[in-house]
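A.B. asks: Structure file start37.cif (mmCIF, C-alpha atoms and all ligand atoms) is given on the next line.
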```
data_start
loop_
_atom_site.label_atom_id
_atom_site.label_comp_id
_atom_site.auth_asym_id
_atom_site.auth_seq_id
_atom_site.Cartn_x
_atom_site.Cartn_y
_atom_site.Cartn_z
CA MET A 494 -70.53 139.82 167.66
CA LYS A 495 -70.40 141.47 171.09
CA LYS A 496 -73.21 141.36 173.61
CA VAL A 497 -73.68 143.07 176.93
CA VAL A 498 -75.81 141.01 179.28
CA LYS A 499 -77.49 142.49 182.32
CA PHE A 500 -79.13 140.27 184.92
CA GLY A 501 -81.76 141.58 187.31
CA GLY A 502 -82.03 140.78 191.01
CA SER A 503 -84.43 137.86 190.67
CA SER A 504 -82.03 136.24 188.18
CA LEU A 505 -79.31 136.33 190.84
CA ALA A 506 -81.28 135.78 194.02
CA ASN A 507 -79.59 132.48 194.94
CA ALA A 508 -77.03 129.91 193.76
CA GLU A 509 -79.60 128.07 191.66
CA GLN A 510 -80.36 131.26 189.73
CA PHE A 511 -76.64 132.02 189.41
CA LYS A 512 -76.15 128.62 187.77
CA LYS A 513 -78.84 129.38 185.19
CA VAL A 514 -77.14 132.70 184.49
CA GLY A 515 -73.76 131.00 184.16
CA GLU A 516 -75.19 128.58 181.61
CA ILE A 517 -76.74 131.40 179.62
CA ILE A 518 -73.48 133.33 179.50
CA LYS A 519 -71.35 130.33 178.61
CA SER A 520 -73.73 129.19 175.90
CA GLU A 521 -72.69 132.10 173.65
CA GLU A 522 -69.15 133.36 173.32
CA SER A 523 -70.45 136.79 172.32
CA ARG A 524 -71.86 137.35 175.83
CA ARG A 525 -68.72 139.10 176.97
CA TYR A 526 -69.66 141.90 179.33
CA VAL A 527 -71.86 141.07 182.28
CA VAL A 528 -73.73 143.58 184.43
CA PRO A 529 -75.24 142.05 187.58
CA SER A 530 -77.82 143.54 189.97
CA ALA A 531 -77.79 142.77 193.69
CA PRO A 532 -79.55 139.56 194.82
CA GLY A 533 -83.30 140.09 194.67
CA LYS A 534 -86.20 138.21 196.22
CA ARG A 535 -85.93 134.41 196.39
CA PHE A 536 -89.64 133.99 197.10
CA GLY A 537 -92.70 136.17 197.69
CA GLY A 538 -92.25 138.07 200.95
CA ASP A 539 -88.44 137.90 200.80
CA THR A 540 -86.38 141.12 201.00
CA LYS A 541 -84.02 142.36 198.29
CA VAL A 542 -80.42 142.80 199.42
CA THR A 543 -80.56 146.46 198.31
CA ASP A 544 -83.43 147.06 200.74
CA MET A 545 -81.56 145.21 203.51
CA LEU A 546 -78.59 147.50 202.90
CA TYR A 547 -80.73 150.62 203.11
CA GLN A 548 -82.18 149.34 206.41
CA CYS A 549 -78.79 148.46 207.77
CA TYR A 550 -77.38 151.85 206.91
CA ALA A 551 -80.35 153.62 208.49
CA ALA A 552 -79.55 151.73 211.69
CA ALA A 553 -75.88 152.77 211.44
CA GLU A 554 -76.90 156.38 210.98
CA ALA A 555 -79.15 156.19 214.01
CA GLY A 556 -76.19 154.91 216.02
CA GLU A 557 -77.78 151.48 216.52
CA SER A 558 -75.96 148.17 216.32
CA ILE A 559 -75.73 146.82 212.77
CA SER A 560 -74.14 143.45 213.39
CA ALA A 561 -77.38 141.44 213.19
CA LEU A 562 -78.55 143.09 209.97
CA LEU A 563 -75.13 142.93 208.38
CA GLY A 564 -74.93 139.28 209.41
CA LYS A 565 -78.13 138.56 207.48
CA ILE A 566 -76.77 140.31 204.39
CA LYS A 567 -73.54 138.36 204.68
CA GLU A 568 -75.51 135.15 204.88
CA ARG A 569 -77.28 135.95 201.59
CA TYR A 570 -73.91 136.12 199.84
CA TYR A 571 -72.37 133.16 201.62
CA GLU A 572 -75.39 131.06 200.74
CA ILE A 573 -74.65 131.82 197.07
CA ILE A 574 -70.90 131.21 197.41
CA ARG A 575 -71.51 127.84 199.11
CA GLY A 576 -74.09 126.83 196.53
CA LEU A 577 -71.66 127.58 193.72
CA GLU A 578 -68.85 125.77 195.56
CA LEU A 579 -66.53 128.75 195.19
CA SER A 580 -63.51 129.23 197.42
CA LEU A 581 -64.09 132.98 197.43
CA SER A 582 -63.97 134.88 200.72
CA LEU A 583 -65.67 138.25 201.16
CA GLU A 584 -64.46 138.74 204.75
CA GLN A 585 -62.19 141.64 203.88
CA GLU A 586 -64.95 143.35 201.93
CA PHE A 587 -67.41 142.95 204.80
CA THR A 588 -64.92 144.30 207.35
CA GLN A 589 -64.48 147.34 205.14
CA ILE A 590 -68.23 147.77 204.66
CA GLU A 591 -68.87 147.58 208.40
CA ALA A 592 -66.23 150.23 209.05
CA ASP A 593 -67.58 152.45 206.27
CA PHE A 594 -71.14 152.13 207.57
CA LYS A 595 -70.00 153.12 211.05
CA ALA A 596 -68.12 156.05 209.52
CA LYS A 597 -71.37 157.05 207.77
CA ALA A 598 -70.07 156.72 204.22
CA GLY A 599 -73.48 157.57 202.77
CA LYS A 600 -76.72 155.91 201.81
CA GLU A 601 -75.72 155.56 198.19
CA TYR A 602 -72.45 153.91 199.13
CA ALA A 603 -74.42 151.50 201.32
CA ALA A 604 -76.86 150.54 198.57
CA SER A 605 -74.10 150.11 196.01
CA ARG A 606 -72.47 147.30 197.98
CA GLY A 607 -75.22 144.94 196.87
CA GLU A 608 -74.07 145.06 193.27
CA PHE A 609 -70.40 145.34 194.21
CA LEU A 610 -70.42 142.08 196.17
CA ASN A 611 -72.57 140.27 193.64
CA GLY A 612 -70.15 141.41 190.93
CA LYS A 613 -67.27 139.88 192.88
CA ILE A 614 -69.06 136.55 193.09
CA MET A 615 -70.08 136.65 189.44
CA ALA A 616 -66.53 137.42 188.28
CA ALA A 617 -65.13 134.56 190.37
CA TYR A 618 -67.80 132.15 189.14
CA LEU A 619 -67.36 132.98 185.46
CA GLU A 620 -63.62 133.59 185.74
CA PHE A 621 -64.09 136.99 184.10
CA GLN A 622 -62.26 140.20 185.01
CA PHE A 623 -63.96 142.23 187.76
CA VAL A 624 -64.22 145.95 186.93
CA ASP A 625 -65.35 148.17 189.81
CA ALA A 626 -68.07 150.47 188.46
CA ALA A 627 -66.65 153.24 190.67
CA SER A 628 -63.70 153.48 188.32
CA VAL A 629 -65.69 153.65 185.08
CA ILE A 630 -69.13 155.19 185.75
CA ARG A 631 -68.70 158.87 186.58
CA PHE A 632 -71.21 161.12 188.34
CA PHE A 633 -71.22 164.86 188.83
CA GLU A 634 -71.60 166.20 192.36
CA ASP A 635 -75.27 167.03 191.74
CA GLY A 636 -75.90 163.31 191.22
CA SER A 637 -76.34 163.41 187.46
CA LEU A 638 -74.31 161.21 185.18
CA ASP A 639 -71.22 162.54 183.43
CA VAL A 640 -72.07 160.89 180.14
CA GLU A 641 -68.94 161.79 178.22
CA THR A 642 -66.40 160.83 180.87
CA THR A 643 -68.27 157.60 181.57
CA ASP A 644 -68.25 156.67 177.91
CA ARG A 645 -64.53 157.33 177.64
CA LEU A 646 -63.59 155.54 180.87
CA LEU A 647 -65.70 152.51 180.03
CA GLY A 648 -64.36 152.34 176.48
CA GLU A 649 -60.72 152.61 177.57
CA CYS A 650 -61.06 150.14 180.40
CA LEU A 651 -63.06 147.46 178.64
CA ALA A 652 -60.81 147.55 175.58
CA GLN A 653 -58.27 145.77 177.81
CA TYR A 654 -60.54 142.85 178.66
CA GLU A 655 -62.25 140.40 176.42
CA TYR A 656 -64.58 139.28 179.20
CA ALA A 657 -65.56 141.35 182.22
CA VAL A 658 -68.11 141.82 184.99
CA ILE A 659 -69.16 145.39 185.75
CA PRO A 660 -71.58 145.69 188.70
CA GLY A 661 -74.70 147.69 187.97
CA PHE A 662 -76.45 150.58 189.74
CA TYR A 663 -73.51 152.67 190.93
CA GLY A 664 -70.49 154.72 190.00
CA ALA A 665 -68.49 157.49 191.65
CA GLN A 666 -67.74 161.17 191.55
CA GLU A 667 -64.30 162.32 190.53
CA ASP A 668 -63.31 162.52 194.21
CA GLY A 669 -64.26 158.86 194.66
CA LYS A 670 -67.57 159.36 196.49
CA ILE A 671 -69.92 156.54 195.52
CA ARG A 672 -73.19 157.51 193.85
CA THR A 673 -76.08 155.41 192.57
CA PHE A 674 -78.75 155.73 189.92
CA SER A 675 -82.37 155.62 191.05
CA ARG A 676 -83.86 152.21 191.87
CA GLY A 677 -83.62 149.66 189.10
CA GLY A 678 -80.57 151.52 187.82
CA SER A 679 -78.51 148.48 186.79
CA ASP A 680 -80.47 148.70 183.54
CA VAL A 681 -78.77 152.04 182.97
CA THR A 682 -75.31 150.62 183.63
CA GLY A 683 -75.95 147.88 181.08
CA SER A 684 -77.00 150.42 178.52
CA LEU A 685 -73.93 152.59 179.12
CA VAL A 686 -71.62 149.59 178.78
CA ALA A 687 -73.36 148.54 175.56
CA LYS A 688 -72.88 152.01 174.11
CA ALA A 689 -69.24 152.29 175.17
CA ILE A 690 -68.17 148.96 173.68
CA HIS A 691 -70.39 149.35 170.60
CA ALA A 692 -72.28 146.18 171.37
CA ASP A 693 -74.40 144.47 168.74
CA VAL A 694 -77.14 143.75 171.28
CA TYR A 695 -77.88 144.70 174.86
CA GLU A 696 -79.56 141.71 176.48
CA ASN A 697 -81.53 142.53 179.59
CA TRP A 698 -82.34 139.32 181.47
CA THR A 699 -85.21 139.37 183.93
CA ASP A 700 -88.05 137.13 185.10
CA VAL A 701 -90.51 137.75 182.26
CA SER A 702 -90.21 136.70 178.62
CA GLY A 703 -90.40 140.27 177.35
CA PHE A 704 -92.98 143.02 177.27
CA LEU A 705 -96.52 141.83 177.55
CA VAL A 706 -99.11 143.28 175.21
CA THR A 707 -101.06 144.38 178.23
CA ASP A 708 -101.10 144.29 182.02
CA PRO A 709 -101.28 140.70 183.35
CA ARG A 710 -103.24 141.96 186.36
CA ILE A 711 -106.06 142.79 183.95
CA VAL A 712 -105.74 140.11 181.26
CA LYS A 713 -104.63 136.61 182.20
CA ASP A 714 -101.40 135.51 180.47
CA PRO A 715 -101.24 138.18 177.79
CA VAL A 716 -99.00 137.46 174.79
CA VAL A 717 -95.50 138.85 174.56
CA MET A 718 -94.55 141.54 172.00
CA ASP A 719 -91.79 140.29 169.75
CA THR A 720 -90.65 143.73 168.63
CA VAL A 721 -91.43 147.21 169.93
CA THR A 722 -89.93 150.51 168.81
CA TYR A 723 -88.50 153.01 171.26
CA ARG A 724 -91.30 155.46 170.47
CA GLU A 725 -93.98 152.86 171.08
CA LEU A 726 -92.32 151.88 174.31
CA ARG A 727 -92.23 155.47 175.45
CA GLU A 728 -95.98 155.79 174.87
CA LEU A 729 -96.64 152.57 176.72
CA SER A 730 -94.35 153.20 179.66
CA TYR A 731 -95.73 156.69 180.05
CA MET A 732 -99.07 155.01 180.59
CA GLY A 733 -97.71 152.75 183.26
CA ALA A 734 -96.13 149.73 181.55
CA THR A 735 -92.69 149.32 183.11
CA VAL A 736 -90.06 146.64 182.79
CA LEU A 737 -87.03 148.74 182.09
CA HIS A 738 -85.56 151.81 183.81
CA GLU A 739 -86.46 154.88 181.71
CA ASP A 740 -82.90 156.16 181.53
CA ALA A 741 -81.70 152.88 180.04
CA ILE A 742 -83.12 153.75 176.66
CA PHE A 743 -81.19 156.86 175.76
CA PRO A 744 -77.57 155.59 175.54
CA VAL A 745 -78.32 152.62 173.31
CA ARG A 746 -81.00 154.34 171.28
CA LYS A 747 -78.50 156.97 170.21
CA GLU A 748 -76.21 154.23 168.93
CA GLY A 749 -78.87 152.15 167.26
CA ILE A 750 -78.22 149.17 169.55
CA PRO A 751 -81.28 146.98 170.09
CA ILE A 752 -82.30 145.88 173.58
CA ASN A 753 -83.48 142.32 173.95
CA ILE A 754 -85.56 141.59 177.05
CA ARG A 755 -85.07 137.93 178.01
CA ASN A 756 -86.25 135.54 180.71
CA THR A 757 -83.53 133.82 182.79
CA ASN A 758 -86.00 131.07 183.71
CA ARG A 759 -86.98 130.46 180.08
CA PRO A 760 -83.87 131.11 177.97
CA GLN A 761 -85.50 129.29 175.05
CA ASP A 762 -87.93 132.24 174.64
CA LYS A 763 -86.76 134.90 172.22
CA GLY A 764 -88.11 137.74 174.35
CA THR A 765 -88.85 141.23 173.12
CA PHE A 766 -86.60 143.33 170.90
CA ILE A 767 -86.69 147.07 171.44
CA VAL A 768 -85.47 148.79 168.30
CA GLU A 769 -85.21 152.24 166.78
CA SER A 770 -87.29 151.29 163.76
CA THR A 771 -88.38 148.14 162.00
CA CYS A 772 -90.24 147.12 158.90
CA LYS A 773 -91.58 144.09 160.75
CA LYS A 774 -95.32 144.51 161.05
CA PRO A 775 -96.61 143.86 164.55
CA HIS A 776 -98.41 140.57 164.83
CA TYR A 777 -101.72 142.02 165.94
CA VAL A 778 -101.89 145.51 164.30
CA ILE A 779 -101.55 146.96 167.76
CA THR A 780 -98.32 146.60 169.72
CA GLY A 781 -99.61 147.19 173.21
CA ILE A 782 -102.36 148.50 175.45
CA ALA A 783 -101.58 150.38 178.64
CA GLY A 784 -103.51 152.72 180.83
CA LYS A 785 -103.87 154.48 184.12
CA LYS A 786 -106.66 155.54 186.41
CA GLY A 787 -106.90 158.74 188.37
CA PHE A 788 -107.33 161.56 185.89
CA CYS A 789 -109.74 164.44 185.94
CA SER A 790 -110.96 166.80 183.29
CA LEU A 791 -111.84 170.46 183.18
CA ASN A 792 -114.32 171.33 180.53
CA ILE A 793 -114.25 175.00 179.62
CA GLU A 794 -117.03 176.55 177.55
CA LYS A 795 -117.27 180.02 176.08
CA SER A 796 -119.29 181.10 173.13
CA MET A 797 -117.21 182.30 170.20
CA MET A 798 -114.15 180.69 171.77
CA ASN A 799 -112.84 179.66 168.37
CA SER A 800 -112.43 183.26 167.22
CA GLU A 801 -110.58 184.32 170.35
CA ILE A 802 -106.96 184.00 169.40
CA GLY A 803 -104.72 183.03 172.33
CA PHE A 804 -107.54 181.37 174.31
CA GLY A 805 -105.77 178.02 174.58
CA ARG A 806 -102.47 179.60 175.53
CA LYS A 807 -104.06 181.64 178.31
CA VAL A 808 -105.79 178.57 179.75
CA LEU A 809 -102.67 176.42 179.64
CA GLN A 810 -100.62 179.18 181.17
CA VAL A 811 -102.76 178.96 184.29
CA PHE A 812 -101.83 175.29 184.59
CA GLU A 813 -98.20 176.15 184.02
CA GLU A 814 -98.22 178.82 186.69
CA HIS A 815 -99.44 176.22 189.18
CA GLY A 816 -96.87 173.65 188.12
CA ILE A 817 -99.44 171.21 186.73
CA SER A 818 -98.71 169.33 183.54
CA PHE A 819 -101.61 168.59 181.24
CA GLU A 820 -102.11 165.22 179.56
CA HIS A 821 -104.53 165.87 176.72
CA VAL A 822 -106.47 168.82 175.39
CA PRO A 823 -109.32 167.78 173.10
CA SER A 824 -111.32 170.73 171.87
CA GLY A 825 -114.54 171.69 170.09
CA ILE A 826 -115.68 174.98 168.54
CA ASP A 827 -116.64 176.61 171.79
CA THR A 828 -115.21 174.09 174.25
CA MET A 829 -111.84 173.02 175.41
CA THR A 830 -111.14 170.18 177.82
CA VAL A 831 -107.96 169.76 179.79
CA TYR A 832 -107.03 166.36 181.23
CA VAL A 833 -104.76 166.35 184.26
CA HIS A 834 -103.58 163.91 186.93
CA GLN A 835 -106.04 164.02 189.79
CA ASP A 836 -103.47 163.83 192.58
CA GLU A 837 -101.40 166.65 191.08
CA PHE A 838 -104.46 168.79 190.51
CA GLU A 839 -106.67 168.28 193.57
CA GLU A 840 -104.83 170.55 196.00
CA LYS A 841 -104.67 173.44 193.57
CA GLU A 842 -108.05 173.01 191.98
CA GLN A 843 -109.65 176.19 193.33
CA GLN A 844 -106.66 178.37 192.47
CA VAL A 845 -106.61 176.98 188.93
CA LEU A 846 -110.30 177.55 188.55
CA ALA A 847 -110.02 181.15 189.71
CA GLY A 848 -107.04 181.63 187.41
CA ILE A 849 -109.01 180.39 184.41
CA HIS A 850 -111.89 182.71 185.21
CA ARG A 851 -109.52 185.63 185.42
CA ALA A 852 -107.61 184.69 182.29
CA VAL A 853 -110.41 183.94 179.82
CA GLN A 854 -113.79 184.74 181.43
CA PRO A 855 -115.42 181.44 180.42
CA ASP A 856 -119.20 180.91 180.40
CA VAL A 857 -118.97 177.56 182.18
CA VAL A 858 -116.22 175.43 183.71
CA GLU A 859 -117.12 171.88 184.68
CA MET A 860 -114.88 169.43 186.43
CA GLU A 861 -115.03 165.70 186.45
CA SER A 862 -112.91 163.20 188.30
CA GLY A 863 -112.51 159.42 188.36
CA LEU A 864 -111.41 159.05 184.76
CA ALA A 865 -108.99 156.54 183.30
CA LEU A 866 -106.95 156.88 180.15
CA ILE A 867 -106.07 153.96 177.91
CA ALA A 868 -103.39 154.13 175.23
CA VAL A 869 -103.69 151.72 172.34
CA VAL A 870 -100.27 151.87 170.74
CA GLY A 871 -99.05 150.45 167.46
CA ARG A 872 -96.84 151.47 164.59
CA GLY A 873 -99.02 149.22 162.45
CA MET A 874 -102.11 151.39 162.87
CA LYS A 875 -100.98 153.96 160.35
CA SER A 876 -101.24 151.62 157.43
CA GLN A 877 -104.25 149.65 158.59
CA ARG A 878 -107.77 150.68 157.84
CA GLY A 879 -110.43 150.29 160.51
CA THR A 880 -108.31 150.11 163.66
CA ALA A 881 -110.26 152.84 165.43
CA GLY A 882 -113.50 151.25 164.25
CA ARG A 883 -112.50 147.93 165.79
CA ILE A 884 -111.56 149.54 169.08
CA PHE A 885 -114.84 151.38 169.42
CA SER A 886 -117.03 148.51 168.35
CA ALA A 887 -115.26 146.31 170.95
CA LEU A 888 -115.90 148.94 173.60
CA ALA A 889 -119.54 149.31 172.58
CA HIS A 890 -120.04 145.54 172.81
CA ALA A 891 -118.45 145.54 176.24
CA LYS A 892 -120.85 148.33 177.24
CA VAL A 893 -118.04 150.78 177.93
CA ASN A 894 -118.93 154.43 177.60
CA VAL A 895 -116.13 156.31 175.83
CA ARG A 896 -115.62 159.72 177.40
CA MET A 897 -112.75 161.01 175.30
CA ILE A 898 -110.85 160.14 172.15
CA ASP A 899 -107.51 161.51 171.09
CA GLN A 900 -105.39 160.28 168.23
CA GLY A 901 -101.90 161.71 168.04
CA SER A 902 -100.83 163.01 164.66
CA SER A 903 -98.07 160.40 164.63
CA GLU A 904 -100.86 157.83 164.30
CA LEU A 905 -98.90 155.75 166.71
CA ASN A 906 -101.56 155.69 169.37
CA ILE A 907 -105.18 156.27 170.16
CA ILE A 908 -105.97 157.51 173.64
CA ILE A 909 -109.35 156.69 175.08
CA GLY A 910 -110.86 158.13 178.23
CA VAL A 911 -113.30 156.00 180.24
CA ASP A 912 -114.68 155.99 183.78
CA ASN A 913 -112.35 154.42 186.34
CA GLU A 914 -114.86 151.60 186.96
CA GLU A 915 -114.91 150.64 183.29
CA PHE A 916 -111.14 150.67 182.88
CA GLU A 917 -110.41 146.94 183.25
CA ARG A 918 -113.41 145.97 181.11
CA ALA A 919 -112.25 148.33 178.39
CA VAL A 920 -108.68 147.01 178.35
CA LYS A 921 -109.94 143.43 178.19
CA ALA A 922 -112.30 144.23 175.34
CA ILE A 923 -109.57 145.87 173.26
CA TYR A 924 -107.15 143.03 173.95
CA ASP A 925 -109.75 140.44 172.99
CA ILE A 926 -110.61 141.96 169.66
CA PHE A 927 -107.02 142.41 168.51
CA VAL A 928 -105.32 139.41 170.05
CA VAL A 929 -107.82 136.72 170.98
CA THR A 930 -110.58 136.80 168.37
CA GLN A 931 -108.74 139.01 165.87
CA ILE A 932 -111.95 140.03 164.16
N1 LIG B 1 -80.39 146.71 193.20
C1 LIG B 1 -80.93 147.97 192.79
C2 LIG B 1 -82.41 148.03 193.12
O1 LIG B 1 -82.95 147.13 193.76
C3 LIG B 1 -80.67 148.27 191.35
C4 LIG B 1 -81.14 147.23 190.35
O2 LIG B 1 -81.49 146.13 190.69
O3 LIG B 1 -81.14 147.56 189.17
O4 LIG B 1 -83.06 148.97 192.77
#
```
Could I get this file's structure written as structure tokens?
Ligand code: ASP
C.D. replies:
Amino acid sequence: MKKVVKFGGSSLANAEQFKKVGEIIKSEESRRYVVPSAPGKRFGGDTKVTDMLYQCYAAAEAGESISALLGKIKERYYEIIRGLELSLSLEQEFTQIEADFKAKAGKEYAASRGEFLNGKIMAAYLEFQFVDAASVIRFFEDGSLDVETTDRLLGECLAQYEYAVIPGFYGAQEDGKIRTFSRGGSDVTGSLVAKAIHADVYENWTDVSGFLVTDPRIVKDPVVMDTVTYRELRELSYMGATVLHEDAIFPVRKEGIPINIRNTNRPQDKGTFIVESTCKKPHYVITGIAGKKGFCSLNIEKSMMNSEIGFGRKVLQVFEEHGISFEHVPSGIDTMTVYVHQDEFEEKEQQVLAGIHRAVQPDVVEMESGLALIAVVGRGMKSQRGTAGRIFSALAHAKVNVRMIDQGSSELNIIIGVDNEEFERAVKAIYDIFVVTQI
């Protein structure tokens, strides 16, 4: 059994957190490849080291003095080293970093040092081999990942070590220039390592015990999903539920490696498994509820629309020409409604409207804003009678007016449109009926 374990910034924010991480790793021999983030926030209002590095580099670029800011960053690491009672010195590394900042080595180089230094500490603490991500994660000059070379370099390098620490978030171009993924990118590194070494599981350790069935800002202490499929997760994260970097899914999904989201502060919790497919029925028929506010709809009416072949294409082409993606297109015999993101649409609204008039000569076009969309997602819905009925009776009892319904042909989700003001009430009502009362 081989596991890749990635730890997020909050799991490595100070020595106390490092000790918890050390215990987790040492408690299972299979936890062989460790991917650390940079130290995150120690308390509310604290600053992540990555953000401190960005600030510090901005000062260097502006020709200002960086010694105070760099001193603070140094102190974050030395606080950890002291707390772990390590005899490690990072003086040489910091001298190099200071020189590189002054020589304007680049913003991405600057940000990457957070993970680089944390990796050094982690390797010393665990007594694992340190592998610089610059030598194994390869980027093209346009900033995209060179997937094939990365896979080969990682595979060749890690075959030499039974236990290793590979810092997350960054890599390098062939000429050695350091590049980073987008924010939260250590998740991607973990996934790439898991793929390259053919791991049995990719454990992603964070500060929550997995994916919550719904947003905790709307429902207090929602339950955790035990298993979610990649497709379900995609539906949910599209609607705003995020725990994992989007690009972290692809490498492991292709290899059939499950991701297990775990909580560093509660290692006894099993967390959530993200899998390609499963015959495990979800506990509550539905897997998750997510949603977003800020949509608007264009309702287009034209008599005899249904016999006008190409009507839909012509309408959608107008959106395409203005670079606006559409979310949903429910239709009736002589009506067609297009849902779009309000902020994407607002500026171009009049041009789109004129374009639609030119393209299809509608009888009426009505616009409405302030709509929210809710996705009720669950692989279990397909085989369960009455799911839609339960959703709508819950919404009726909660006095929520349903403005739109769309069920994908995959039967994996039901999308419901409601007014922005009724969004929270609607989510609560759906959660209650499936999870709390289960009636
Ligand atoms: N440290 C980086 C960030 O704050 C990457 C990561 O934590 O995954 O975005």
A.B. asks: Find the residues near ligand LIG 1 (chain B). Use a cut-off of 6 Å, count only C-alpha atoms and all ligand atoms, and write them as a VMD selection string.
C.D. replies: chain A and resid 501 to 502 530 to 531 543 662 676 to 680
A.B. asks: Write out as a compact mmCIF listing (two decimals) with C-alpha atoms, in the frame of the given file which residues come within 12 Å of Ala598 of chain A when counting all atoms listed in the file, dropping same-chain ones fewer than 2 positions away.
C.D. replies:
```
# COMPACT_ATOMS: atom_id res chain seq x y z
CA TYR A 550 -77.38 151.85 206.91
CA ALA A 551 -80.35 153.62 208.49
CA ALA A 553 -75.88 152.77 211.44
CA GLU A 554 -76.90 156.38 210.98
CA GLN A 589 -64.48 147.34 205.14
CA ILE A 590 -68.23 147.77 204.66
CA GLU A 591 -68.87 147.58 208.40
CA ALA A 592 -66.23 150.23 209.05
CA ASP A 593 -67.58 152.45 206.27
CA PHE A 594 -71.14 152.13 207.57
CA LYS A 595 -70.00 153.12 211.05
CA ALA A 596 -68.12 156.05 209.52
CA LYS A 600 -76.72 155.91 201.81
CA GLU A 601 -75.72 155.56 198.19
CA TYR A 602 -72.45 153.91 199.13
CA ALA A 603 -74.42 151.50 201.32
CA ALA A 604 -76.86 150.54 198.57
CA SER A 605 -74.10 150.11 196.01
CA ARG A 606 -72.47 147.30 197.98
CA GLY A 669 -64.26 158.86 194.66
CA LYS A 670 -67.57 159.36 196.49
CA ILE A 671 -69.92 156.54 195.52
CA ARG A 672 -73.19 157.51 193.85
```
A.B. asks: Please provide the set of residues having any atom within 6 Å of segment 737-748 of chain A, restricted to all atoms listed in the file, with same-chain residues fewer than 4 positions apart removed, written as a list of chain:residue names.
C.D. replies: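 Non-adjacent residues within range: A:Asp680, A:Val681, A:Ser684, A:Leu685, A:Lys688.
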A.B. asks: Distance atom CA of Glu584 of chain A-atom CA of Phe500 of chain A, one decimal place?
C.D. replies: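 Distance reported for this atom pair: 24.7 Å.
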A.B. asks: State, in Å with one decimal place, the distance from atom CA of Gly703 of chain A to atom CA of Gly787 of chain A.
C.D. replies: 27.1 Å
A.B. asks: Any chance you could work out the axis-aligned box around segment 849-863 of chain A, listed atoms only, 8 Å on each side, giving centre and edge lengths in Å to one decimal, as lines of an AutoDock Vina configuration file?
C.D. replies:
```
center_x = -113.4
center_y = 172.5
center_z = 184.1
size_x = 27.6
size_y = 42.2
size_z = 24.5
```
A.B. asks: Using all atoms listed in the file for the distances, tell me which of A:Thr540, A:Glu904, A:Asp856, A:Gly805 is nearest to Lys875 of chain A.
C.D. replies: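 The closest residue to Lys875 of chain A is A:Glu904.
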A.B. asks: Which residue, A:Asp539, A:Asp714, A:Glu696, A:Asp708, has the smallest gap to Val920 of chain A when you use only C-alpha atoms?
C.D. replies: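 The answer is A:Asp708, which sits nearest to Val920 of chain A.
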A.B. asks: Could you pull out every residue with an atom within 12 Å of (-120.3, 142.8, 174.7), file coordinates, counting only C-alpha atoms, and send them as a PyMOL selection string?
C.D. replies: chain A and resi 885-893+918-919+921-923+925-926
A.B. asks: What is the distance, in Å and to one decimal place, between atom CA of Gly781 of chain A and atom CA of Ile898 of chain A?
C.D. replies: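 So the two atoms, atom CA of Gly781 of chain A and atom CA of Ile898 of chain A, lie 17.2 Å apart.
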